[in-house]
file start03.csv (CSV, C-alpha atoms and all ligand atoms)
chain,number,residue,atom,x,y,z
A,1,MET,CA,-27.8,-21.6,10.1
A,2,ASP,CA,-26.5,-22.5,13.6
A,3,THR,CA,-26.8,-20.2,16.6
A,4,GLY,CA,-23.1,-19.4,16.5
A,5,SER,CA,-23.3,-17.8,13.0
A,6,ALA,CA,-26.6,-16.0,14.0
A,7,ASP,CA,-24.8,-14.6,17.0
A,8,ILE,CA,-21.8,-13.4,15.0
A,9,ARG,CA,-24.1,-11.7,12.4
A,10,GLN,CA,-25.9,-9.8,15.1
A,11,ARG,CA,-22.6,-8.8,16.8
A,12,LEU,CA,-21.2,-7.6,13.4
A,13,ARG,CA,-24.4,-5.7,12.5
A,14,ALA,CA,-24.3,-3.9,15.9
A,15,LEU,CA,-20.8,-2.5,15.2
A,16,PRO,CA,-20.8,1.0,13.8
A,17,ALA,CA,-19.3,1.6,10.3
A,18,LEU,CA,-18.6,5.0,8.8
A,19,ALA,CA,-20.2,6.6,11.8
A,20,GLY,CA,-18.6,10.0,11.1
A,21,PRO,CA,-19.4,12.8,11.0
A,22,PHE,CA,-17.0,13.5,8.2
A,23,PRO,CA,-16.7,16.9,6.5
A,24,PRO,CA,-17.7,16.8,2.8
A,25,VAL,CA,-14.9,17.3,0.2
A,26,ASP,CA,-15.0,19.7,-2.7
A,27,PHE,CA,-13.8,17.7,-5.7
A,28,SER,CA,-14.6,20.6,-8.1
A,29,CYS,CA,-11.2,22.1,-7.3
A,30,ALA,CA,-9.3,18.8,-7.2
A,31,PRO,CA,-5.7,19.1,-8.6
A,32,ALA,CA,-4.9,17.8,-12.1
A,33,SER,CA,-2.8,14.9,-10.9
A,34,PRO,CA,-3.8,12.1,-8.5
A,35,GLN,CA,-0.4,12.3,-6.8
A,36,ASP,CA,-1.1,15.9,-5.7
A,37,LEU,CA,-4.5,15.1,-4.3
A,38,PHE,CA,-3.1,12.0,-2.6
A,39,LEU,CA,-0.4,14.1,-0.9
A,40,ASP,CA,-3.1,16.5,0.4
A,41,TRP,CA,-5.1,13.6,1.8
A,42,LEU,CA,-2.0,12.0,3.3
A,43,ASP,CA,-1.2,15.3,5.0
A,44,ALA,CA,-4.7,15.4,6.4
A,45,ALA,CA,-4.3,11.9,7.7
A,46,ILE,CA,-1.0,12.8,9.4
A,47,HIS,CA,-2.5,15.9,10.9
A,48,ALA,CA,-5.5,14.0,12.2
A,49,GLY,CA,-3.1,11.8,14.2
A,50,ILE,CA,-4.0,8.6,12.4
A,51,ARG,CA,-1.6,5.8,13.3
A,52,GLU,CA,0.4,4.4,10.4
A,53,PRO,CA,-1.2,6.6,7.8
A,54,HIS,CA,1.5,5.3,5.4
A,55,ALA,CA,0.3,1.7,5.7
A,56,MET,CA,-1.4,0.3,2.6
A,57,THR,CA,-2.6,-3.0,1.2
A,58,LEU,CA,-0.8,-4.3,-1.8
A,59,CYS,CA,-2.8,-6.7,-3.9
A,60,THR,CA,-1.1,-9.0,-6.4
A,61,VAL,CA,-2.0,-12.0,-8.4
A,62,ASP,CA,-0.1,-15.2,-8.6
A,63,GLU,CA,0.8,-17.2,-11.7
A,64,ALA,CA,-2.5,-19.1,-11.5
A,65,GLY,CA,-4.4,-15.8,-11.4
A,66,CYS,CA,-5.3,-16.1,-7.7
A,67,PRO,CA,-5.3,-12.8,-5.8
A,68,ASP,CA,-3.1,-12.2,-2.8
A,69,ALA,CA,-2.9,-9.2,-0.4
A,70,ARG,CA,-0.7,-7.9,2.4
A,71,VAL,CA,0.0,-4.6,4.2
A,72,LEU,CA,3.1,-2.6,3.3
A,73,ILE,CA,4.6,0.8,4.2
A,74,LEU,CA,4.5,3.6,1.6
A,75,LYS,CA,8.0,4.8,1.0
A,76,SER,CA,7.5,7.7,-1.4
A,77,VAL,CA,5.1,9.2,-4.0
A,78,ASP,CA,6.4,11.0,-7.1
A,79,GLU,CA,5.7,11.2,-10.8
A,80,ARG,CA,6.7,7.5,-11.2
A,81,GLY,CA,4.0,6.5,-8.7
A,82,TRP,CA,3.6,5.0,-5.3
A,83,HIS,CA,6.7,3.4,-3.9
A,84,PHE,CA,7.1,0.4,-1.5
A,85,ALA,CA,10.1,-1.8,-0.7
A,86,SER,CA,10.3,-5.5,-0.2
A,87,SER,CA,12.3,-8.6,-1.1
A,88,GLY,CA,12.2,-9.8,-4.7
A,89,HIS,CA,12.5,-13.3,-3.4
A,90,SER,CA,9.2,-13.0,-1.4
A,91,PRO,CA,5.9,-14.3,-2.7
A,92,LYS,CA,4.9,-10.8,-3.6
A,93,GLY,CA,8.2,-10.2,-5.4
A,94,ARG,CA,7.8,-13.4,-7.5
A,95,GLN,CA,4.2,-12.6,-8.2
A,96,ILE,CA,5.1,-9.1,-9.4
A,97,GLN,CA,7.8,-10.4,-11.6
A,98,ALA,CA,5.3,-12.8,-13.3
A,99,GLN,CA,2.4,-10.3,-13.4
A,100,PRO,CA,3.2,-6.6,-12.6
A,101,ALA,CA,-0.5,-5.5,-12.5
A,102,VAL,CA,-1.2,-4.6,-8.9
A,103,ALA,CA,-3.6,-2.6,-6.7
A,104,LEU,CA,-3.0,-0.5,-3.6
A,105,ASN,CA,-5.5,0.5,-1.0
A,106,PHE,CA,-5.3,3.1,1.8
A,107,TYR,CA,-8.0,3.3,4.4
A,108,TRP,CA,-8.0,6.2,6.9
A,109,LYS,CA,-11.0,5.3,9.0
A,110,GLU,CA,-11.0,8.3,11.3
A,111,LEU,CA,-11.5,10.5,8.2
A,112,GLY,CA,-13.8,8.0,6.4
A,113,ARG,CA,-11.5,8.0,3.4
A,114,GLN,CA,-10.0,5.4,1.2
A,115,VAL,CA,-7.7,5.7,-1.9
A,116,ARG,CA,-7.7,3.0,-4.5
A,117,ILE,CA,-4.9,2.7,-7.0
A,118,ARG,CA,-4.5,0.3,-9.9
A,119,GLY,CA,-1.4,0.1,-11.9
A,120,VAL,CA,1.8,-1.6,-12.8
A,121,ALA,CA,4.6,-2.3,-10.3
A,122,ARG,CA,8.2,-2.1,-11.5
A,123,PRO,CA,11.5,-2.3,-9.5
A,124,LEU,CA,13.4,1.0,-9.4
A,125,ASP,CA,17.1,1.0,-10.2
A,126,GLY,CA,19.6,-0.6,-7.9
A,127,THR,CA,20.9,2.7,-6.5
A,128,GLU,CA,17.5,3.6,-5.0
A,129,SER,CA,17.0,0.1,-3.6
A,130,ALA,CA,20.5,0.1,-2.1
A,131,GLN,CA,19.9,3.6,-0.5
A,132,ASP,CA,16.6,2.3,1.0
A,133,PHE,CA,18.3,-0.8,2.3
A,134,LEU,CA,21.1,1.1,4.0
A,135,ALA,CA,18.6,3.5,5.6
A,136,ARG,CA,16.9,0.5,7.5
A,137,SER,CA,17.8,-0.4,11.0
A,138,LEU,CA,20.3,-3.2,11.7
A,139,ASP,CA,17.6,-5.6,12.7
A,140,ALA,CA,15.5,-4.8,9.6
A,141,ARG,CA,18.6,-5.3,7.3
A,142,ALA,CA,19.4,-8.6,9.1
A,143,GLY,CA,16.0,-10.0,8.4
A,144,VAL,CA,16.2,-9.0,4.7
A,145,LEU,CA,19.7,-10.4,4.3
A,146,LEU,CA,18.4,-13.9,5.2
A,147,ALA,CA,16.2,-13.7,2.1
A,148,LYS,CA,13.7,-16.1,3.7
A,149,GLN,CA,10.6,-13.9,4.0
A,150,SER,CA,7.5,-16.2,4.0
A,151,ALA,CA,9.5,-19.4,3.5
A,152,PRO,CA,8.4,-22.3,5.7
A,153,LEU,CA,9.9,-22.3,9.2
A,154,GLU,CA,10.6,-25.7,10.7
A,155,SER,CA,11.3,-24.4,14.2
A,156,PRO,CA,11.2,-20.9,15.9
A,157,ALA,CA,14.6,-21.9,17.4
A,158,GLU,CA,16.1,-21.4,13.9
A,159,VAL,CA,15.3,-17.7,13.8
A,160,GLY,CA,17.6,-16.3,16.6
A,161,PRO,CA,20.9,-17.8,15.4
A,162,ALA,CA,20.2,-17.0,11.8
A,163,ILE,CA,19.5,-13.3,12.6
A,164,SER,CA,22.6,-13.1,14.8
A,165,ALA,CA,24.7,-14.4,12.0
A,166,ALA,CA,23.2,-11.9,9.6
A,167,ARG,CA,23.8,-9.1,12.1
A,168,LYS,CA,27.4,-10.1,12.4
A,169,ARG,CA,27.9,-10.0,8.6
A,170,LEU,CA,26.3,-6.5,8.4
A,171,GLU,CA,28.4,-5.2,11.4
A,172,ALA,CA,31.6,-6.5,9.7
A,173,ASP,CA,30.6,-4.9,6.4
A,174,THR,CA,28.5,-1.8,6.9
A,175,GLY,CA,28.1,-1.2,3.1
A,176,LEU,CA,26.7,-4.7,2.6
A,177,ILE,CA,23.5,-4.7,0.6
A,178,ALA,CA,21.0,-7.5,0.2
A,179,PRO,CA,20.6,-8.0,-3.6
A,180,SER,CA,17.1,-9.2,-3.2
A,181,TRP,CA,15.9,-5.8,-1.7
A,182,HIS,CA,13.9,-3.7,-4.2
A,183,VAL,CA,12.1,-0.5,-4.1
A,184,TYR,CA,9.1,-0.8,-6.5
A,185,ALA,CA,7.0,2.0,-7.9
A,186,VAL,CA,3.4,1.4,-8.8
A,187,ALA,CA,2.8,3.5,-12.0
A,188,PRO,CA,-1.0,4.3,-11.7
A,189,SER,CA,-3.5,3.9,-14.4
A,190,ILE,CA,-6.6,4.5,-12.2
A,191,VAL,CA,-6.7,6.3,-8.9
A,192,GLU,CA,-10.0,6.8,-6.9
A,193,PHE,CA,-10.5,9.0,-4.0
A,194,TRP,CA,-13.4,8.0,-1.8
A,195,GLN,CA,-14.9,10.1,0.9
A,196,GLY,CA,-17.4,8.2,3.1
A,197,ALA,CA,-20.5,9.8,4.6
A,198,GLY,CA,-22.7,8.6,7.4
A,199,ASP,CA,-25.8,8.9,5.2
A,200,ARG,CA,-24.0,6.7,2.6
A,201,LEU,CA,-24.0,9.5,0.0
A,202,HIS,CA,-20.3,8.9,-0.4
A,203,GLN,CA,-18.3,11.2,-2.7
A,204,ARG,CA,-16.0,9.6,-5.2
A,205,LEU,CA,-13.5,11.0,-7.7
A,206,CYS,CA,-11.7,8.8,-10.2
A,207,TYR,CA,-8.6,9.8,-12.1
A,208,GLN,CA,-8.1,7.7,-15.3
A,209,ARG,CA,-4.9,8.0,-17.4
A,210,ASP,CA,-5.7,9.6,-20.7
A,211,ASP,CA,-3.7,9.8,-23.9
A,212,GLY,CA,-5.1,13.2,-24.6
A,213,GLU,CA,-3.8,16.7,-23.8
A,214,SER,CA,-4.0,16.3,-20.1
A,215,PRO,CA,-2.5,13.0,-18.8
A,216,TRP,CA,-5.5,12.5,-16.4
A,217,ARG,CA,-9.3,12.5,-17.0
A,218,ARG,CA,-11.3,13.2,-13.9
A,219,GLN,CA,-14.7,11.6,-13.3
A,220,LEU,CA,-17.1,11.6,-10.4
A,221,LEU,CA,-18.7,8.3,-9.5
A,222,TRP,CA,-22.0,7.3,-8.0
A,223,PRO,CA,-21.8,6.5,-4.3
A,301,LIG,C1,2.0,-2.2,9.2
A,301,LIG,C2,2.8,-3.3,8.4
A,301,LIG,C3,3.8,-2.8,7.6
A,301,LIG,C4,4.6,-3.7,6.8
A,301,LIG,N1,5.5,-3.2,6.0
A,301,LIG,C5,6.2,-4.0,5.1
A,301,LIG,C6,7.1,-3.5,4.1
A,301,LIG,O1,7.3,-2.3,4.0
A,301,LIG,N2,7.7,-4.4,3.3
A,301,LIG,C7,7.5,-5.8,3.5
A,301,LIG,O2,8.2,-6.5,2.7
A,301,LIG,N3,6.7,-6.3,4.4
A,301,LIG,C8,6.0,-5.5,5.2
A,301,LIG,N4,5.1,-6.0,6.1
A,301,LIG,C9,4.8,-7.4,6.1
A,301,LIG,C10,3.9,-7.8,5.0
A,301,LIG,O3,2.6,-7.5,5.3
A,301,LIG,C11,4.0,-9.3,4.6
A,301,LIG,O4,3.7,-10.1,5.8
A,301,LIG,C12,5.4,-9.8,4.1
A,301,LIG,O5,5.9,-8.8,3.2
A,301,LIG,C13,5.3,-11.1,3.3
A,301,LIG,O6,4.4,-11.0,2.2
A,301,LIG,P1,4.4,-12.0,1.0
A,301,LIG,O7,4.5,-13.4,1.6
A,301,LIG,O8,3.1,-11.7,0.3
A,301,LIG,O9,5.5,-11.7,0.1
A,301,LIG,C14,4.3,-5.1,6.9
A,301,LIG,C15,3.2,-5.5,7.7
A,301,LIG,C16,2.5,-4.6,8.4
A,301,LIG,C17,1.3,-5.1,9.2

call {"tool": "encode", "arguments": {"input": "start03.csv", "output": "structure tokens"}}
result
Amino acid sequence: MDTGSADIRQRLRALPALAGPFPPVDFSCAPASPQDLFLDWLDAAIHAGIREPHAMTLCTVDEAGCPDARVLILKSVDERGWHFASSGHSPKGRQIQAQPAVALNFYWKELGRQVRIRGVARPLDGTESAQDFLARSLDARAGVLLAKQSAPLESPAEVGPAISAARKRLEADTGLIAPSWHVYAVAPSIVEFWQGAGDRLHQRLCYQRDDGESPWRRQLLWP
């Protein structure tokens, strides 16, 4: 081990993690559906003033089975699941088309909370995707219209003119919709709520989809 890696280990170990204090949660009165508990926790994150509480990590796998991850914005939550929007032409869009099994992760560090979701991502119908596209700013729509997200860029000088041309098309036709834009819903099969604790006695509640009378089975997990 060289001195550089010893130094970074010491510096990392000195950084606090899960410093808290975090109030304990009472999972005994958790609602029957994970969506309802998620919305309670999201409200708590918003009220705590957490920046971008609707930012989440989406994990996908590519055709070779290699995992990939990136941050996205949560668009909605309903009985269909957790929604996000992106280009179907992007790497994530192509990965989901080939393998719709995905995972989502939210981390609200000021509350010591994370939510882990596993499920299947499916594009919603064209009307919902079109509405989402039209609700975006002109700049955001122009970027999507190019349909080049994550494609190799030969020179930064290419970006400005391409965006200007896309803006002009959108200004000339305000109803123009990028066909590649999709809202996806992640239909959950497992959702875990994780409340961290400074003493590491974390509290965990897992909802697992069940074919029985209630659609969800709730199970506490060891820290
Ligand atoms: C806070 C934040 C929010 C983002 N929101 C979105 C989003 O809602 N949709 C999206 O396509 N990309 C979003 N991005 C960009 C993605 O992280 C990613 O870079 C992009 O979608 C390309 O991913 P891909 O190459 O895996 O397809 C966001 C990035 C950050 C940091």

call {"tool": "residues_near_ligand", "arguments": {"input": "start03.csv", "ligand": "ligand LIG 301 (chain A)", "cutoff": "6 Å", "atoms": "all atoms listed in the file", "output": "list in words"}}
result
Ala55, Arg70, Val71, Leu72, Ile73, Ala85, Ser86, Ser87, Ser90, Pro91, Lys92 and Ser150 of chain A

call {"tool": "atom_distance", "arguments": {"input": "start03.csv", "atom1": "atom CA of Gly143 of chain A", "atom2": "atom CA of Asp173 of chain A"}}
result
15.6 Å

call {"tool": "atom_distance", "arguments": {"input": "start03.csv", "atom1": "atom CA of Ile96 of chain A", "atom2": "atom CA of Gln131 of chain A"}}
result
21.4 Å

call {"tool": "atom_distance", "arguments": {"input": "start03.csv", "atom1": "atom CA of Leu176 of chain A", "atom2": "atom CA of Gln97 of chain A"}}
result
24.3 Å

call {"tool": "residues_around", "arguments": {"input": "start03.csv", "residues": "Asp40 of chain A", "least_positions_apart": "4", "cutoff": "12 Å", "atoms": "all atoms listed in the file", "output": "VMD selection string"}}
result
chain A and resid 25 30 to 31 33 to 36 44 to 47 77 115 193

call {"tool": "write_last_selection", "arguments": {"input": "start03.csv", "atoms": "C-alpha atoms", "output": "mmCIF file, keeping the file's coordinate frame"}}
result
data_model
loop_
_atom_site.group_PDB
_atom_site.id
_atom_site.type_symbol
_atom_site.label_atom_id
_atom_site.label_comp_id
_atom_site.auth_asym_id
_atom_site.auth_seq_id
_atom_site.Cartn_x
_atom_site.Cartn_y
_atom_site.Cartn_z
ATOM 1 C CA VAL A 25 -14.900 17.300 0.200
ATOM 2 C CA ALA A 30 -9.300 18.800 -7.200
ATOM 3 C CA PRO A 31 -5.700 19.100 -8.600
ATOM 4 C CA SER A 33 -2.800 14.900 -10.900
ATOM 5 C CA PRO A 34 -3.800 12.100 -8.500
ATOM 6 C CA GLN A 35 -0.400 12.300 -6.800
ATOM 7 C CA ASP A 36 -1.100 15.900 -5.700
ATOM 8 C CA ALA A 44 -4.700 15.400 6.400
ATOM 9 C CA ALA A 45 -4.300 11.900 7.700
ATOM 10 C CA ILE A 46 -1.000 12.800 9.400
ATOM 11 C CA HIS A 47 -2.500 15.900 10.900
ATOM 12 C CA VAL A 77 5.100 9.200 -4.000
ATOM 13 C CA VAL A 115 -7.700 5.700 -1.900
ATOM 14 C CA PHE A 193 -10.500 9.000 -4.000
#

call {"tool": "closest_residue", "arguments": {"input": "start03.csv", "among": "A:Ala187, A:Cys59, A:Ile117, A:Ala166", "to": "Phe38 of chain A", "atoms": "all atoms listed in the file"}}
result
A:Ile117

call {"tool": "residues_around", "arguments": {"input": "start03.csv", "residues": "segment 197-204 of chain A", "least_positions_apart": "2", "cutoff": "10 Å", "atoms": "all atoms listed in the file", "output": "JSON, numbers by chain"}}
result
{"A": [17, 18, 19, 20, 21, 22, 23, 24, 25, 26, 27, 111, 112, 113, 114, 115, 192, 193, 194, 195, 206, 219, 220, 221, 222, 223]}

call {"tool": "closest_residue", "arguments": {"input": "start03.csv", "among": "A:Lys75, A:His89, A:Lys109, A:Arg122", "to": "Leu145 of chain A", "atoms": "all atoms listed in the file"}}
result
A:His89

call {"tool": "residues_around", "arguments": {"input": "start03.csv", "residues": "Gly81 of chain A", "least_positions_apart": "5", "cutoff": "9 Å", "atoms": "all atoms listed in the file", "output": "number ranges by chain"}}
result
A: 35, 76, 119, 121, 185-188

call {"tool": "residues_near_point", "arguments": {"input": "start03.csv", "point": "(-1.4, -9.0, -6.9)", "cutoff": "9 Å", "atoms": "only C-alpha atoms", "output": "list in words"}}
result
Leu58, Cys59, Thr60, Val61, Asp62, Gly65, Cys66, Pro67, Asp68, Ala69, Lys92, Gln95, Ile96, Gln99, Pro100, Ala101, Val102 and Ala103 of chain A

call {"tool": "residues_around", "arguments": {"input": "start03.csv", "residues": "Gly126 of chain A", "least_positions_apart": "6", "cutoff": "10 Å", "atoms": "all atoms listed in the file", "output": "NGL selection string"}}
result
:A and (132 or 179 or 181-183)

call {"tool": "write_last_selection", "arguments": {"input": "start03.csv", "atoms": "C-alpha atoms", "output": "PDB file, keeping the file's coordinate frame"}}
result
ATOM      1  CA  ASP A 132      16.600   2.300   1.000  1.00  0.00           C
ATOM      2  CA  PRO A 179      20.600  -8.000  -3.600  1.00  0.00           C
ATOM      3  CA  TRP A 181      15.900  -5.800  -1.700  1.00  0.00           C
ATOM      4  CA  HIS A 182      13.900  -3.700  -4.200  1.00  0.00           C
ATOM      5  CA  VAL A 183      12.100  -0.500  -4.100  1.00  0.00           C
TER       6      VAL A 183
END

call {"tool": "closest_residue", "arguments": {"input": "start03.csv", "among": "A:Gly49, A:Ile8, A:Ser137, A:Arg118", "to": "Arg209 of chain A", "atoms": "all atoms listed in the file"}}
result
A:Arg118

call {"tool": "closest_residue", "arguments": {"input": "start03.csv", "among": "A:Ala157, A:Leu37, A:Ile177, A:Leu42", "to": "Ala142 of chain A", "atoms": "only C-alpha atoms"}}
result
A:Ile177

call {"tool": "closest_residue", "arguments": {"input": "start03.csv", "among": "A:Tyr184, A:Trp41, A:Phe133, A:Phe106", "to": "Gly93 of chain A", "atoms": "only C-alpha atoms"}}
result
A:Tyr184
